[in-house]
file entry.pdb (PDB, C-alpha atoms)
ATOM      1  CA  MET A   1      -8.496  68.534 -11.410
ATOM      2  CA  SER A   2      -7.810  67.333 -14.935
ATOM      3  CA  ALA A   3      -8.050  69.406 -18.076
ATOM      4  CA  SER A   4     -10.225  68.469 -21.012
ATOM      5  CA  GLY A   5      -8.669  69.090 -24.408
ATOM      6  CA  HIS A   6      -7.019  72.235 -25.709
ATOM      7  CA  CYS A   7      -8.320  75.633 -24.676
ATOM      8  CA  LEU A   8      -7.430  78.711 -26.714
ATOM      9  CA  GLN A   9      -7.642  81.921 -24.708
ATOM     10  CA  LEU A  10      -7.456  85.428 -26.190
ATOM     11  CA  ASP A  11      -7.078  88.870 -24.624
ATOM     12  CA  VAL A  12      -8.229  91.220 -27.396
ATOM     13  CA  GLY A  13      -7.420  94.917 -27.371
ATOM     14  CA  ASN A  14      -8.381  97.650 -29.808
ATOM     15  CA  SER A  15      -5.615  96.930 -32.312
ATOM     16  CA  SER A  16      -4.092  93.550 -31.403
ATOM     17  CA  ALA A  17      -4.588  90.474 -29.251
ATOM     18  CA  LYS A  18      -2.532  88.228 -27.015
ATOM     19  CA  TRP A  19      -3.316  84.525 -27.025
ATOM     20  CA  ARG A  20      -2.258  81.426 -25.170
ATOM     21  CA  LEU A  21      -3.046  77.735 -25.671
ATOM     22  CA  VAL A  22      -3.670  75.703 -22.520
ATOM     23  CA  HIS A  23      -3.647  71.912 -22.236
ATOM     24  CA  GLY A  24      -3.597  69.798 -19.091
ATOM     25  CA  GLY A  25      -3.474  72.919 -16.922
ATOM     26  CA  ARG A  26      -0.264  74.123 -18.670
ATOM     27  CA  VAL A  27       0.352  76.888 -21.165
ATOM     28  CA  VAL A  28       1.813  75.068 -24.164
ATOM     29  CA  SER A  29       2.144  78.007 -26.571
ATOM     30  CA  ARG A  30       1.398  81.714 -26.814
ATOM     31  CA  GLY A  31       1.656  84.608 -29.222
ATOM     32  CA  ASN A  32       0.222  87.841 -30.565
ATOM     33  CA  TYR A  33      -2.385  88.371 -33.270
ATOM     34  CA  ARG A  34      -3.041  91.526 -35.273
ATOM     35  CA  PRO A  35      -5.997  91.757 -37.678
ATOM     36  CA  GLY A  36      -4.721  92.167 -41.219
ATOM     37  CA  ASP A  37      -1.300  90.728 -40.344
ATOM     38  CA  GLU A  38      -1.122  87.439 -42.242
ATOM     39  CA  ALA A  39       1.969  86.164 -40.428
ATOM     40  CA  SER A  40       0.436  86.545 -36.966
ATOM     41  CA  GLN A  41      -2.832  85.031 -38.244
ATOM     42  CA  ARG A  42      -1.008  81.969 -39.574
ATOM     43  CA  LEU A  43       0.726  81.435 -36.234
ATOM     44  CA  LEU A  44      -2.573  81.677 -34.365
ATOM     45  CA  LEU A  45      -4.411  79.278 -36.657
ATOM     46  CA  ALA A  46      -1.509  76.794 -36.602
ATOM     47  CA  CYS A  47      -1.244  76.670 -32.805
ATOM     48  CA  ALA A  48      -3.140  73.351 -32.597
ATOM     49  CA  ASP A  49      -4.804  70.808 -34.871
ATOM     50  CA  ARG A  50      -7.750  70.584 -32.508
ATOM     51  CA  VAL A  51      -9.171  73.086 -30.056
ATOM     52  CA  GLU A  52     -12.112  72.120 -27.859
ATOM     53  CA  HIS A  53     -12.716  75.458 -26.129
ATOM     54  CA  ILE A  54     -12.154  79.109 -27.098
ATOM     55  CA  TRP A  55     -12.469  81.845 -24.464
ATOM     56  CA  ILE A  56     -12.167  85.507 -25.310
ATOM     57  CA  ALA A  57     -11.805  88.695 -23.265
ATOM     58  CA  SER A  58     -12.333  91.594 -25.636
ATOM     59  CA  VAL A  59     -12.518  95.373 -25.465
ATOM     60  CA  ALA A  60     -12.602  95.632 -29.271
ATOM     61  CA  ALA A  61     -15.532  96.864 -31.337
ATOM     62  CA  GLY A  62     -18.387  94.490 -32.116
ATOM     63  CA  GLU A  63     -17.407  94.164 -35.779
ATOM     64  CA  THR A  64     -13.875  93.132 -34.797
ATOM     65  CA  GLU A  65     -15.257  90.529 -32.394
ATOM     66  CA  THR A  66     -17.559  89.119 -35.069
ATOM     67  CA  LYS A  67     -14.754  88.757 -37.614
ATOM     68  CA  LEU A  68     -12.493  87.093 -35.064
ATOM     69  CA  ALA A  69     -15.230  84.662 -33.996
ATOM     70  CA  GLU A  70     -15.860  83.743 -37.642
ATOM     71  CA  LEU A  71     -12.138  83.183 -38.247
ATOM     72  CA  LEU A  72     -11.788  80.870 -35.243
ATOM     73  CA  ARG A  73     -15.031  79.001 -35.911
ATOM     74  CA  ALA A  74     -14.000  78.370 -39.518
ATOM     75  CA  ARG A  75     -10.645  76.949 -38.365
ATOM     76  CA  TRP A  76     -11.747  74.720 -35.486
ATOM     77  CA  GLY A  77     -15.539  74.477 -35.678
ATOM     78  CA  VAL A  78     -15.856  75.873 -32.141
ATOM     79  CA  ALA A  79     -18.061  78.813 -31.193
ATOM     80  CA  PRO A  80     -15.995  81.147 -28.977
ATOM     81  CA  TRP A  81     -17.275  82.184 -25.554
ATOM     82  CA  PHE A  82     -16.885  85.899 -24.834
ATOM     83  CA  ALA A  83     -16.470  86.969 -21.221
ATOM     84  CA  ARG A  84     -18.479  90.055 -20.254
ATOM     85  CA  THR A  85     -18.240  92.320 -17.239
ATOM     86  CA  GLU A  86     -20.914  91.465 -14.682
ATOM     87  CA  ALA A  87     -22.469  93.009 -11.589
ATOM     88  CA  GLN A  88     -20.986  90.106  -9.620
ATOM     89  CA  THR A  89     -18.701  87.208 -10.513
ATOM     90  CA  GLY A  90     -18.058  84.810  -7.670
ATOM     91  CA  THR A  91     -17.310  86.978  -4.640
ATOM     92  CA  LEU A  92     -16.201  89.981  -6.736
ATOM     93  CA  ARG A  93     -18.831  92.748  -6.841
ATOM     94  CA  ASN A  94     -18.852  95.647  -9.282
ATOM     95  CA  SER A  95     -19.178  99.290  -8.211
ATOM     96  CA  TYR A  96     -20.485 100.542 -11.577
ATOM     97  CA  ALA A  97     -24.202 101.357 -11.889
ATOM     98  CA  ASP A  98     -23.909  99.916 -15.413
ATOM     99  CA  PRO A  99     -21.342  97.075 -15.149
ATOM    100  CA  ALA A 100     -21.124  96.713 -18.942
ATOM    101  CA  ARG A 101     -19.409 100.119 -19.059
ATOM    102  CA  MET A 102     -16.336  98.679 -17.341
ATOM    103  CA  GLY A 103     -13.728  97.134 -19.624
ATOM    104  CA  VAL A 104     -13.754  93.368 -19.271
ATOM    105  CA  ASP A 105      -9.948  93.319 -19.054
ATOM    106  CA  ARG A 106     -10.102  95.344 -15.812
ATOM    107  CA  TRP A 107     -12.820  93.085 -14.422
ATOM    108  CA  LEU A 108     -10.965  89.871 -15.237
ATOM    109  CA  ALA A 109      -7.666  91.187 -13.866
ATOM    110  CA  MET A 110      -9.428  91.902 -10.560
ATOM    111  CA  LEU A 111     -11.046  88.460 -10.647
ATOM    112  CA  GLY A 112      -7.669  86.815 -11.257
ATOM    113  CA  ALA A 113      -6.102  88.797  -8.414
ATOM    114  CA  ARG A 114      -8.950  87.887  -6.042
ATOM    115  CA  GLU A 115      -8.371  84.216  -6.805
ATOM    116  CA  ARG A 116      -4.801  84.695  -5.554
ATOM    117  CA  GLU A 117      -5.495  87.058  -2.648
ATOM    118  CA  GLN A 118      -8.548  87.097  -0.361
ATOM    119  CA  GLY A 119      -7.490  90.269   1.453
ATOM    120  CA  ARG A 120      -7.726  93.840   0.210
ATOM    121  CA  LEU A 121      -5.920  94.270  -3.097
ATOM    122  CA  CYS A 122      -4.994  96.702  -5.848
ATOM    123  CA  VAL A 123      -4.553  95.781  -9.513
ATOM    124  CA  VAL A 124      -2.267  97.999 -11.604
ATOM    125  CA  ASP A 125      -2.497  97.240 -15.329
ATOM    126  CA  ALA A 126       0.091  99.268 -17.250
ATOM    127  CA  GLY A 127      -0.654  99.020 -20.943
ATOM    128  CA  SER A 128      -1.873 101.584 -23.474
ATOM    129  CA  ALA A 129      -3.741 102.989 -20.513
ATOM    130  CA  LEU A 130      -2.706 102.747 -16.882
ATOM    131  CA  THR A 131      -5.608 101.392 -14.831
ATOM    132  CA  ILE A 132      -5.626 101.163 -11.049
ATOM    133  CA  ASP A 133      -8.423  99.287  -9.273
ATOM    134  CA  ILE A 134      -8.994  98.701  -5.545
ATOM    135  CA  VAL A 135     -10.915  95.672  -4.224
ATOM    136  CA  SER A 136     -11.902  95.242  -0.582
ATOM    137  CA  ALA A 137     -11.319  92.077   1.419
ATOM    138  CA  ARG A 138     -15.048  91.318   0.971
ATOM    139  CA  GLY A 139     -14.683  91.485  -2.805
ATOM    140  CA  GLN A 140     -16.278  94.895  -3.335
ATOM    141  CA  HIS A 141     -14.738  97.017  -6.070
ATOM    142  CA  GLU A 142     -13.995 100.277  -4.276
ATOM    143  CA  GLY A 143     -13.329 102.186  -7.493
ATOM    144  CA  GLY A 144     -10.504 102.820  -9.897
ATOM    145  CA  TYR A 145      -8.592 105.162 -12.174
ATOM    146  CA  ILE A 146      -7.885 105.240 -15.917
ATOM    147  CA  ILE A 147      -4.812 107.249 -16.947
ATOM    148  CA  PRO A 148      -2.923 107.533 -20.264
ATOM    149  CA  GLY A 149      -0.076 105.012 -20.371
ATOM    150  CA  PRO A 150       3.590 105.878 -21.063
ATOM    151  CA  ALA A 151       3.338 105.693 -24.861
ATOM    152  CA  LEU A 152       0.198 107.847 -24.942
ATOM    153  CA  MET A 153       1.769 110.404 -22.616
ATOM    154  CA  GLU A 154       4.876 110.657 -24.772
ATOM    155  CA  ARG A 155       2.899 110.857 -28.001
ATOM    156  CA  ALA A 156       0.688 113.648 -26.660
ATOM    157  CA  LEU A 157       3.741 115.593 -25.513
ATOM    158  CA  LEU A 158       5.537 115.269 -28.835
ATOM    159  CA  LEU A 159       2.445 116.065 -30.900
ATOM    160  CA  ASP A 160       1.592 119.246 -29.013
ATOM    161  CA  THR A 161       5.039 120.777 -28.607
ATOM    162  CA  ASP A 162       7.558 122.015 -31.176
ATOM    163  CA  ARG A 163      10.783 121.914 -29.182
ATOM    164  CA  VAL A 164      10.418 118.705 -27.186
ATOM    165  CA  ARG A 165      12.271 116.360 -29.537
ATOM    166  CA  PHE A 166      14.901 113.668 -29.004
ATOM    167  CA  ALA A 167      16.417 110.665 -30.753
ATOM    168  CA  GLU A 168      18.021 108.890 -27.772
ATOM    169  CA  ASP A 169      16.477 105.678 -26.430
ATOM    170  CA  VAL A 170      16.272 106.447 -22.725
ATOM    171  CA  GLY A 171      14.794 104.228 -20.029
ATOM    172  CA  TYR A 172      12.331 105.168 -17.304
ATOM    173  CA  ALA A 173      13.647 106.357 -13.938
ATOM    174  CA  LEU A 174      12.584 108.698 -11.137
ATOM    175  CA  THR A 175      15.740 110.844 -11.002
ATOM    176  CA  PRO A 176      15.573 114.350 -12.547
ATOM    177  CA  GLY A 177      16.476 114.250 -16.239
ATOM    178  CA  LYS A 178      19.637 115.924 -17.556
ATOM    179  CA  SER A 179      18.642 115.917 -21.209
ATOM    180  CA  THR A 180      15.357 116.383 -23.039
ATOM    181  CA  ALA A 181      15.108 112.630 -23.543
ATOM    182  CA  GLU A 182      15.666 111.920 -19.845
ATOM    183  CA  ALA A 183      13.379 114.749 -18.767
ATOM    184  CA  VAL A 184      10.534 113.315 -20.870
ATOM    185  CA  ARG A 185      11.004 109.633 -19.982
ATOM    186  CA  HIS A 186      11.763 110.285 -16.314
ATOM    187  CA  GLY A 187       8.842 112.701 -16.151
ATOM    188  CA  ILE A 188       6.517 110.048 -17.537
ATOM    189  CA  ALA A 189       7.894 107.537 -15.009
ATOM    190  CA  LEU A 190       7.287 110.063 -12.230
ATOM    191  CA  ALA A 191       3.724 110.620 -13.406
ATOM    192  CA  GLN A 192       2.959 106.887 -13.666
ATOM    193  CA  ALA A 193       4.594 105.899 -10.370
ATOM    194  CA  GLY A 194       3.199 108.980  -8.655
ATOM    195  CA  ALA A 195      -0.310 108.117  -9.804
ATOM    196  CA  VAL A 196      -0.048 104.646  -8.263
ATOM    197  CA  ALA A 197       1.451 105.985  -5.030
ATOM    198  CA  LEU A 198      -1.232 108.678  -4.706
ATOM    199  CA  ALA A 199      -4.005 106.175  -5.482
ATOM    200  CA  LEU A 200      -2.734 103.950  -2.663
ATOM    201  CA  GLN A 201      -2.517 106.941  -0.334
ATOM    202  CA  GLN A 202      -6.075 107.908  -1.260
ATOM    203  CA  ALA A 203      -7.260 104.337  -0.615
ATOM    204  CA  GLY A 204      -5.825 104.416   2.918
ATOM    205  CA  GLY A 205      -7.153 101.849   5.342
ATOM    206  CA  GLU A 206      -5.751  98.400   5.950
ATOM    207  CA  THR A 207      -2.794  96.717   4.268
ATOM    208  CA  ILE A 208      -3.237  96.236   0.542
ATOM    209  CA  GLN A 209      -1.622  93.668  -1.758
ATOM    210  CA  LEU A 210      -0.453  95.049  -5.103
ATOM    211  CA  PHE A 211      -0.662  93.138  -8.379
ATOM    212  CA  PHE A 212       0.971  94.444 -11.545
ATOM    213  CA  CYS A 213       0.285  93.347 -15.136
ATOM    214  CA  GLY A 214       0.435  94.853 -18.625
ATOM    215  CA  GLY A 215       3.321  95.522 -20.990
ATOM    216  CA  ALA A 216       4.850  98.243 -18.811
ATOM    217  CA  GLY A 217       3.778  96.667 -15.536
ATOM    218  CA  GLN A 218       7.073  95.113 -14.502
ATOM    219  CA  THR A 219       8.988  98.358 -15.053
ATOM    220  CA  LEU A 220       6.391 100.330 -13.111
ATOM    221  CA  MET A 221       6.419  97.795 -10.280
ATOM    222  CA  GLN A 222      10.169  98.239  -9.865
ATOM    223  CA  LEU A 223       9.661 102.004  -9.605
ATOM    224  CA  VAL A 224       6.785 101.806  -7.129
ATOM    225  CA  GLN A 225       7.025  98.703  -4.958
ATOM    226  CA  PRO A 226       9.348  95.859  -6.036
ATOM    227  CA  ALA A 227       7.892  93.536  -3.377
ATOM    228  CA  SER A 228       4.542  93.490  -5.207
ATOM    229  CA  GLN A 229       3.337  90.583  -7.342
ATOM    230  CA  TRP A 230       4.069  90.644 -11.086
ATOM    231  CA  VAL A 231       1.443  88.510 -12.847
ATOM    232  CA  PRO A 232       1.570  89.090 -16.626
ATOM    233  CA  ASP A 233      -1.268  86.599 -17.283
ATOM    234  CA  LEU A 234      -3.655  88.116 -14.732
ATOM    235  CA  VAL A 235      -6.401  88.792 -17.307
ATOM    236  CA  PHE A 236      -6.104  85.224 -18.605
ATOM    237  CA  GLU A 237      -6.297  83.889 -15.041
ATOM    238  CA  GLY A 238      -9.489  85.861 -14.441
ATOM    239  CA  LEU A 239     -10.870  84.639 -17.771
ATOM    240  CA  ALA A 240     -10.324  81.039 -16.659
ATOM    241  CA  VAL A 241     -12.009  81.695 -13.293
ATOM    242  CA  MET A 242     -15.081  83.205 -14.951
ATOM    243  CA  ALA A 243     -15.257  80.459 -17.575
ATOM    244  CA  VAL A 244     -15.355  77.752 -14.916
ATOM    245  CA  LEU A 245     -18.012  79.658 -12.945
ATOM    246  CA  ARG A 246     -20.119  80.023 -16.099
ATOM    247  CA  GLY A 247     -19.867  76.378 -17.090
ATOM    248  CA  GLU A 248     -17.440  76.906 -19.986
ATOM    249  CA  SER A 249     -14.958  74.888 -17.999
ATOM    250  CA  VAL A 250     -11.712  73.264 -18.803
ATOM    251  CA  PRO A 251     -10.930  72.506 -15.137
ATOM    252  CA  GLY A 252      -7.390  73.241 -14.139
ATOM    253  CA  ALA A 253      -6.767  75.575 -17.105
ATOM    254  CA  ALA A 254      -6.029  78.692 -15.074
TER     255      ALA A 254
END
call {"tool": "encode", "arguments": {"input": "entry.pdb", "output": "structure tokens"}}
result
Amino acid sequence: MSASGHCLQLDVGNSSAKWRLVHGGRVVSRGNYRPGDEASQRLLLACADRVEHIWIASVAAGETETKLAELLRARWGVAPWFARTEAQTGTLRNSYADPARMGVDRWLAMLGAREREQGRLCVVDAGSALTIDIVSARGQHEGGYIIPGPALMERALLLDTDRVRFAEDVGYALTPGKSTAEAVRHGIALAQAGAVALALQQAGGETIQLFFCGGAGQTLMQLVQPASQWVPDLVFEGLAVMAVLRGESVPGAA
């Protein structure tokens, strides 16, 4: 399948966004955008002279989406297409009574994983929040979990205690900590990895393929199950799948 023009894809969070530019089925550039940050805005708007398609996955507020759409339309004259969580996309079926209540990033990550794996699967997205979602071999979302991510856990601990303080930059590991810094970081690692392990135990049943994404995903994967698949662009891959299904297509842009 051949691609048609440049396709700008954005994964928009509450405070910042990741973007990538796809042409001919290849990612030709990528970056981060933060509203109010002129440097990151300049880089985004200079990524291409022409853009034929703009696809957006967003969990941001409506006002933020509107401002972003206006910025992109003014630059390239293209109306962005926003992906939304659905009751069913392709063979992936939602478990929520109100599908719109599920974050579109979770939905697209599952859709991207299902494109790669037709058997039972689990998507672990380790970002600001840790989300864990199980999908059956038939494509039915079996349910999921939303847990504070490492940074949120650490911030809550430091805000609500007087004596838990440290200046050392300590990594995440599962061994017992021998300093306050290690005890905090290793404790957070234990909580994150333990949550994934317990979720898999709770899921039971047949073999399940794990997919990890998100800023802390690779670290968490090494703690839990190194043989899993690390797919940092899983949300983007799901965005491309949905776009093609909905006729927004740049074939081959996944």
call {"tool": "residues_around", "arguments": {"input": "entry.pdb", "residues": "range 140-153 of chain A", "least_positions_apart": "3", "cutoff": "10 Å", "atoms": "all atoms listed in the file", "output": "ChimeraX atom specification"}}
result
/A:88,91-96,106-107,110,120-137,156-158,172,184-185,187-189,191-192,195-196,199,203,216
call {"tool": "atom_distance", "arguments": {"input": "entry.pdb", "atom1": "CA of Glu38 in chain A", "atom2": "CA of Gly238 in chain A"}}
result
29.1 Å
call {"tool": "atom_distance", "arguments": {"input": "entry.pdb", "atom1": "CA of Glu154 in chain A", "atom2": "CA of Pro176 in chain A"}}
result
16.7 Å
call {"tool": "resolve_selection", "arguments": {"input": "entry.pdb", "expression": "the PyMOL selection byres ((chain A and resi 69-79) around 12)", "output": "ChimeraX atom specification"}}
result
/A:6-10,12,35,41-42,44-58,62-68,80-82,248
call {"tool": "residues_around", "arguments": {"input": "entry.pdb", "residues": "Ala173 in chain A", "least_positions_apart": "2", "cutoff": "8 Å", "atoms": "all atoms listed in the file", "output": "short mmCIF file (atom, residue, chain, number, x, y, z; two decimals) with C-alpha atoms, in the coordinates of the input"}}
result
data_model
loop_
_atom_site.label_atom_id
_atom_site.label_comp_id
_atom_site.auth_asym_id
_atom_site.auth_seq_id
_atom_site.Cartn_x
_atom_site.Cartn_y
_atom_site.Cartn_z
CA GLY A 171 14.79 104.23 -20.03
CA THR A 175 15.74 110.84 -11.00
CA ARG A 185 11.00 109.63 -19.98
CA HIS A 186 11.76 110.28 -16.31
CA ALA A 189 7.89 107.54 -15.01
CA LEU A 190 7.29 110.06 -12.23
CA LEU A 223 9.66 102.00 -9.60
#
call {"tool": "closest_residue", "arguments": {"input": "entry.pdb", "among": "A:Glu182, A:Glu206, A:Glu86, A:Glu117", "to": "Gln229 in chain A", "atoms": "only C-alpha atoms"}}
result
A:Glu117
call {"tool": "atom_distance", "arguments": {"input": "entry.pdb", "atom1": "CA of Phe212 in chain A", "atom2": "CA of Ser179 in chain A"}}
result
29.4 Å
call {"tool": "residues_around", "arguments": {"input": "entry.pdb", "residues": "Arg30 in chain A", "least_positions_apart": "4", "cutoff": "9 Å", "atoms": "only C-alpha atoms", "output": "PyMOL selection string"}}
result
chain A and resi 18-22+44+47
call {"tool": "residues_around", "arguments": {"input": "entry.pdb", "residues": "Met242 in chain A", "least_positions_apart": "4", "cutoff": "10 Å", "atoms": "all atoms listed in the file", "output": "list of chain:residue names"}}
result
A:Trp55, A:Ala83, A:Arg84, A:Thr85, A:Thr89, A:Gly90, A:Leu108, A:Leu111, A:Gly112, A:Phe236, A:Glu237, A:Gly238, A:Arg246, A:Gly247, A:Glu248, A:Ser249
call {"tool": "axis_aligned_box", "arguments": {"input": "entry.pdb", "around": "range 139-142 of chain A", "padding_each_side": "5 Å", "output": "AutoDock Vina command-line options"}}
result
--center_x -15.1 --center_y 95.9 --center_z -4.4 --size_x 12.3 --size_y 18.8 --size_z 13.3
call {"tool": "build_atoms", "arguments": {"input": "entry.pdb", "residues": "range 133-145 of chain A", "atoms": "N, CA and C atoms", "output": "PDB file, keeping the file's coordinate frame"}}
result
ATOM      1  N   ASP A 133      -7.145  99.678  -9.864  1.00  0.00           N
ATOM      2  CA  ASP A 133      -8.423  99.287  -9.273  1.00  0.00           C
ATOM      3  C   ASP A 133      -8.216  98.713  -7.876  1.00  0.00           C
ATOM      4  N   ILE A 134      -9.058  99.142  -6.945  1.00  0.00           N
ATOM      5  CA  ILE A 134      -8.994  98.701  -5.545  1.00  0.00           C
ATOM      6  C   ILE A 134     -10.162  97.762  -5.262  1.00  0.00           C
ATOM      7  N   VAL A 135      -9.887  96.647  -4.604  1.00  0.00           N
ATOM      8  CA  VAL A 135     -10.915  95.672  -4.224  1.00  0.00           C
ATOM      9  C   VAL A 135     -10.798  95.404  -2.729  1.00  0.00           C
ATOM     10  N   SER A 136     -11.916  95.471  -2.022  1.00  0.00           N
ATOM     11  CA  SER A 136     -11.902  95.242  -0.582  1.00  0.00           C
ATOM     12  C   SER A 136     -11.733  93.763  -0.264  1.00  0.00           C
ATOM     13  N   ALA A 137     -11.468  93.469   0.991  1.00  0.00           N
ATOM     14  CA  ALA A 137     -11.319  92.077   1.419  1.00  0.00           C
ATOM     15  C   ALA A 137     -12.617  91.296   1.225  1.00  0.00           C
ATOM     16  N   ARG A 138     -13.748  91.979   1.188  1.00  0.00           N
ATOM     17  CA  ARG A 138     -15.048  91.318   0.971  1.00  0.00           C
ATOM     18  C   ARG A 138     -15.354  91.118  -0.509  1.00  0.00           C
ATOM     19  N   GLY A 139     -14.476  91.658  -1.379  1.00  0.00           N
ATOM     20  CA  GLY A 139     -14.683  91.485  -2.805  1.00  0.00           C
ATOM     21  C   GLY A 139     -15.399  92.639  -3.472  1.00  0.00           C
ATOM     22  N   GLN A 140     -15.607  93.731  -2.754  1.00  0.00           N
ATOM     23  CA  GLN A 140     -16.278  94.895  -3.335  1.00  0.00           C
ATOM     24  C   GLN A 140     -15.276  95.781  -4.066  1.00  0.00           C
ATOM     25  N   HIS A 141     -15.577  96.067  -5.330  1.00  0.00           N
ATOM     26  CA  HIS A 141     -14.738  97.017  -6.070  1.00  0.00           C
ATOM     27  C   HIS A 141     -14.952  98.403  -5.466  1.00  0.00           C
ATOM     28  N   GLU A 142     -13.887  98.980  -4.934  1.00  0.00           N
ATOM     29  CA  GLU A 142     -13.995 100.277  -4.276  1.00  0.00           C
ATOM     30  C   GLU A 142     -13.890 101.436  -5.260  1.00  0.00           C
ATOM     31  N   GLY A 143     -13.487 101.153  -6.479  1.00  0.00           N
ATOM     32  CA  GLY A 143     -13.329 102.186  -7.493  1.00  0.00           C
ATOM     33  C   GLY A 143     -11.977 102.075  -8.165  1.00  0.00           C
ATOM     34  N   GLY A 144     -11.766 102.907  -9.169  1.00  0.00           N
ATOM     35  CA  GLY A 144     -10.504 102.820  -9.897  1.00  0.00           C
ATOM     36  C   GLY A 144     -10.193 104.081 -10.664  1.00  0.00           C
ATOM     37  N   TYR A 145      -9.087 104.039 -11.395  1.00  0.00           N
ATOM     38  CA  TYR A 145      -8.592 105.162 -12.174  1.00  0.00           C
ATOM     39  C   TYR A 145      -8.165 104.669 -13.556  1.00  0.00           C
TER      40      TYR A 145
END
